[in-house]
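Down below is the structure, laid out as structure tokens.
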Amino acid sequence: MGSQTSSELLQKAAATALGLLSLAMAPAAVAQVQTGSAKVAVVSRLSFINVEELEFGTLLSGATAGTVVISPAGARTKTGGVTLVGGTVQPARFAGRGTRNQTVLISLVNTPSTLQRVGGTETMTLDQLTLGSTPSAVLTTTPQAFRITAPSGVFNFPIGGRLSVAANQVPGDYVGTFAVTLNYQ
């Protein structure tokens with residue numbers, strides 16, 4: 001061991017102090033917690049549920065009336081004075097469970113349906129609900145038959161529709177319902 005001068009000892013002490021100071025000044029670790037959501041639907045045999053809502057998105061009404069159509073495949077088209085702006089656009093989707101090769105009758109409970117402005121009395125009409133099948137078929141109160149082809153008996157089907165928008169329709173959120181009936185044979 002060699003002898004160290006007081007100057008060398010001071011330099012080592014200063015370097016050690018700077019190292020400790022830099023550790024003390026390092027930013028503290030930050031932990032954050034975020035929450036997510038989880039959702040599940042368990043479908044029993046010979047039942048069905050609504051999986052997704054029919055969404056027409058955001059639109060602007062014009063000086064003339066028009067319509068907005070959502071196809072069962074999810075395409076959105078318009079007629080008349082309606083301007084399509086954006087928002088969530090999707091057909092309704094239902095899922096059910098029966099047995100392979102079972103026949104199911106599908107129909108509407110009533111048609112057309114009314115969407116009413118939240119917080120108001122203004123309405124729009126929803127009609128021409130269309131079942132996504134090959135070929136697509138407009139649903140009515142008269143049952144239409146389809147056969148379950150999946151080995152598991154699980155099936156799903158989309159439904160599109162037409163929304164009638166009045167000239168200068170009052171802005172706001174409009175909500176309504178429509179009822180679908182399945183009759184397992």
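Chain lettering (A, B, ...) mirrors the order of the structure tokens, residue numbering begins at 1 for each chain separately, and ligand numbering begins at 1 in order of display.
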Checklist entry - What are the DSSP helix (DSSP H, G or I) residues of chain A, as a list in words? => result Ser6, Ser7, Glu8, Leu9, Leu10, Gln11, Lys12, Ala13, Ala14, Ala15, Thr16, Ala17, Leu18, Gly19, Leu20, Leu21, Ser22, Leu23, Ala24 and Met25 of chain A
Item to check | Contacts of region 62-75 of chain A within 6 Å, only C-alpha atoms, excl. fewer than 4 positions in-chain, as a list in words | outcome: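 Those residues are Thr79, Gly80, Gly81, Val82, Gln90, Pro91, Gly132, Pro158, Ile159, Gly160, Gly161, Arg162, Leu163, Ser164, Val165, Ala166, Ala167 and Asn168 of chain A.
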Would you export the selected residues with N, CA, C and O atoms as a compact mmCIF listing (two decimals), in the first residue's frame, please?
```
# COMPACT_ATOMS: atom_id res chain seq x y z
N THR A 79 -78.63 8.54 -49.11
CA THR A 79 -79.37 9.17 -50.20
C THR A 79 -79.81 10.55 -49.71
O THR A 79 -79.79 10.84 -48.52
N GLY A 80 -80.23 11.39 -50.65
CA GLY A 80 -80.80 12.69 -50.30
C GLY A 80 -79.82 13.64 -49.67
O GLY A 80 -78.63 13.64 -49.96
N GLY A 81 -80.35 14.46 -48.74
CA GLY A 81 -79.57 15.54 -48.15
C GLY A 81 -78.71 15.16 -46.97
O GLY A 81 -78.22 16.02 -46.25
N VAL A 82 -78.49 13.89 -46.75
CA VAL A 82 -77.68 13.43 -45.62
C VAL A 82 -76.20 13.47 -45.99
O VAL A 82 -75.82 13.09 -47.10
N GLN A 90 -71.66 -0.09 -37.93
CA GLN A 90 -71.66 -1.55 -37.93
C GLN A 90 -73.08 -2.08 -37.97
O GLN A 90 -74.00 -1.44 -37.48
N PRO A 91 -73.25 -3.27 -38.55
CA PRO A 91 -74.56 -3.91 -38.48
C PRO A 91 -74.74 -4.49 -37.07
O PRO A 91 -73.78 -4.66 -36.34
N GLY A 132 -78.19 -10.80 -42.92
CA GLY A 132 -77.00 -11.17 -43.69
C GLY A 132 -77.01 -12.66 -43.97
O GLY A 132 -76.72 -13.47 -43.12
N PRO A 158 -75.58 -11.16 -38.99
CA PRO A 158 -75.68 -9.71 -38.92
C PRO A 158 -77.03 -9.24 -39.46
O PRO A 158 -77.66 -9.92 -40.26
N ILE A 159 -77.44 -8.06 -38.99
CA ILE A 159 -78.64 -7.42 -39.50
C ILE A 159 -78.32 -5.96 -39.77
O ILE A 159 -77.84 -5.25 -38.89
N GLY A 160 -78.58 -5.54 -40.99
CA GLY A 160 -78.44 -4.14 -41.37
C GLY A 160 -79.82 -3.51 -41.42
O GLY A 160 -80.83 -4.16 -41.17
N GLY A 161 -79.87 -2.24 -41.77
CA GLY A 161 -81.16 -1.57 -41.85
C GLY A 161 -81.06 -0.20 -42.50
O GLY A 161 -79.98 0.28 -42.82
N ARG A 162 -82.24 0.40 -42.70
CA ARG A 162 -82.33 1.73 -43.31
C ARG A 162 -82.91 2.71 -42.31
O ARG A 162 -83.93 2.44 -41.68
N LEU A 163 -82.25 3.85 -42.16
CA LEU A 163 -82.69 4.92 -41.28
C LEU A 163 -83.18 6.08 -42.12
O LEU A 163 -82.45 6.56 -43.00
N SER A 164 -84.40 6.54 -41.88
CA SER A 164 -84.95 7.69 -42.61
C SER A 164 -84.67 8.96 -41.81
O SER A 164 -85.05 9.05 -40.64
N VAL A 165 -84.00 9.91 -42.45
CA VAL A 165 -83.59 11.16 -41.81
C VAL A 165 -84.40 12.30 -42.42
O VAL A 165 -84.41 12.47 -43.64
N ALA A 166 -85.09 13.05 -41.59
CA ALA A 166 -85.91 14.17 -42.07
C ALA A 166 -85.03 15.33 -42.52
O ALA A 166 -83.87 15.44 -42.11
N ALA A 167 -85.59 16.18 -43.34
CA ALA A 167 -84.90 17.43 -43.69
C ALA A 167 -84.69 18.22 -42.40
O ALA A 167 -85.59 18.31 -41.56
N ASN A 168 -83.48 18.74 -42.22
CA ASN A 168 -83.13 19.53 -41.04
C ASN A 168 -83.46 18.79 -39.74
O ASN A 168 -83.95 19.38 -38.78
```
Item to check | Atomic distance CA of Arg117 (chain A) - CA of Val51 (chain A), expressed in Å with one decimal | outcome: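 Spanning CA of Arg117 (chain A) to CA of Val51 (chain A) is a straight-line distance of 23.4 Å.
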Next on the checklist: as a PyMOL selection string, please: every residue in region 8-140 of chain A that a backbone DSSP assignment puts in strand (DSSP E).
Outcome noted: chain A and resi 47-52+55-60+66-70+76-80+83-90+92-97+103-108+113-117+123-131+137-138
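You can rank A:Ile106, A:Leu115, A:Ile49, A:Val175 by their closest distance to Gln144 (chain A) using only C-alpha atoms, and at the top of that list sits A:Ile106.
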Checklist entry - Using only C-alpha atoms, which residue out of A:Leu59, A:Leu46, A:Met124, A:Val154 lies closest to Tyr174 (chain A)? => result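 Using only C-alpha atoms, the shortest distance to Tyr174 (chain A) belongs to A:Met124.
Here CA of Arg45 (chain A) is placed at a distance of 5.0 Å from CA of Arg97 (chain A).
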